[in-house]
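Since the structure comes first, as structure tokens, the remarks are kept for the end.
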Amino acid sequence: MFSRVDHIGVAVEDLDAALALYERDFDMSLAHRETVDEQGVEAVLLDVGENHVELLAPLEPDSPVGRFLARRGPGMHHVAYQVTDIDATLDALRAGGLRLIDEQPRTGIRDSRVAFLHPASSGGVLTEIVQPAKGH
């Protein structure tokens with residue numbers, strides 16, 4: 001069903017400070033930076049081999065990541081798995097009885113198509129399904 005881990009999402013309060021830590025101290029390279037209005041975040045992708053760490057800073061306190069930070073503080077937010085056909089994957093997950101946060105895919109970073117599974121259906125971990133845009 002999943003072809004690989006696409007990225008690990010980390011919620012941060014100060015994107016520039018977190019980016020400095022990951023670039024300077026962890027020696028990760030910035031791959032992409034973007035504001036994703038549909039998800040209410042500014043996000044950066046950092047290269048880790050063939051995968052990424054995604055740093056997420058909320059645009060507003062009442063966004064999903066803003067509420068996460070208010071409840072739990074900075075830290076691991078989600079794990080994302082890459083798929084080749086997000087529609088078929090969501091159909092299979094739905095048929096398996098898993099609880100979906102997103103019934104239909106939405107636009108993610110770098111024009112990917114993404115959908116989230118509820119942590120109650122995925123072992124307590126917020127899980128993102130990602131179909132990358134062509135060329136990514």
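Naming works like this for the structure tokens: A, B, ... for the chains as they're shown, residue 1 at the start of each chain, ligands 1 onward in shown order.
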Within 8 Å of Gln82 of chain A, counting only C-alpha atoms, which residues show up once you throw out same-chain ones fewer than 5 positions away? Write them as a PyMOL selection string, please.
chain A and resi 2-6+129-132
Output file for the residues above (C-alpha atoms, as a PDB file, in the first residue's frame):
```pdb
ATOM      1  CA  PHE A   2       2.707   2.508   1.017  1.00  0.00           C
ATOM      2  CA  SER A   3       5.824   2.741  -1.140  1.00  0.00           C
ATOM      3  CA  ARG A   4       8.079   4.482   1.409  1.00  0.00           C
ATOM      4  CA  VAL A   5       8.228   6.970   4.252  1.00  0.00           C
ATOM      5  CA  ASP A   6       7.914  10.350   2.563  1.00  0.00           C
ATOM      6  CA  ILE A 129      -0.764   9.796   2.835  1.00  0.00           C
ATOM      7  CA  VAL A 130       1.146  11.652   0.086  1.00  0.00           C
ATOM      8  CA  GLN A 131       0.993  11.350  -3.678  1.00  0.00           C
ATOM      9  CA  PRO A 132       3.793  13.601  -4.932  1.00  0.00           C
TER      10      PRO A 132
END
```
Once DSSP has gone over the backbone, tell me which residues of segment 34-136 of chain A are in strand (DSSP E), as a PyMOL selection string.
chain A and resi 34-36+41-48+51-58+75-82+106-107+113-117+127-131
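The protein and nucleic acid residues lying at most 12 Å from Thr107 of chain A are Thr35, Val36, Asp37, Glu38, Gln39, Gly40, Ile86, Asp102, Asp111, Ser112, Arg113, Val114, Ala115, Phe116, Ile129, Val130, Gln131, Pro132 and Ala133 of chain A, with only C-alpha atoms considered and sequence neighbours fewer than 4 positions away removed.
Distance-wise, atom CA of Ala31 of chain A and atom CA of Ala11 of chain A end up 17.5 Å apart.
Atom CA of Gly96 of chain A lies 29.8 Å from atom CA of Gly75 of chain A.
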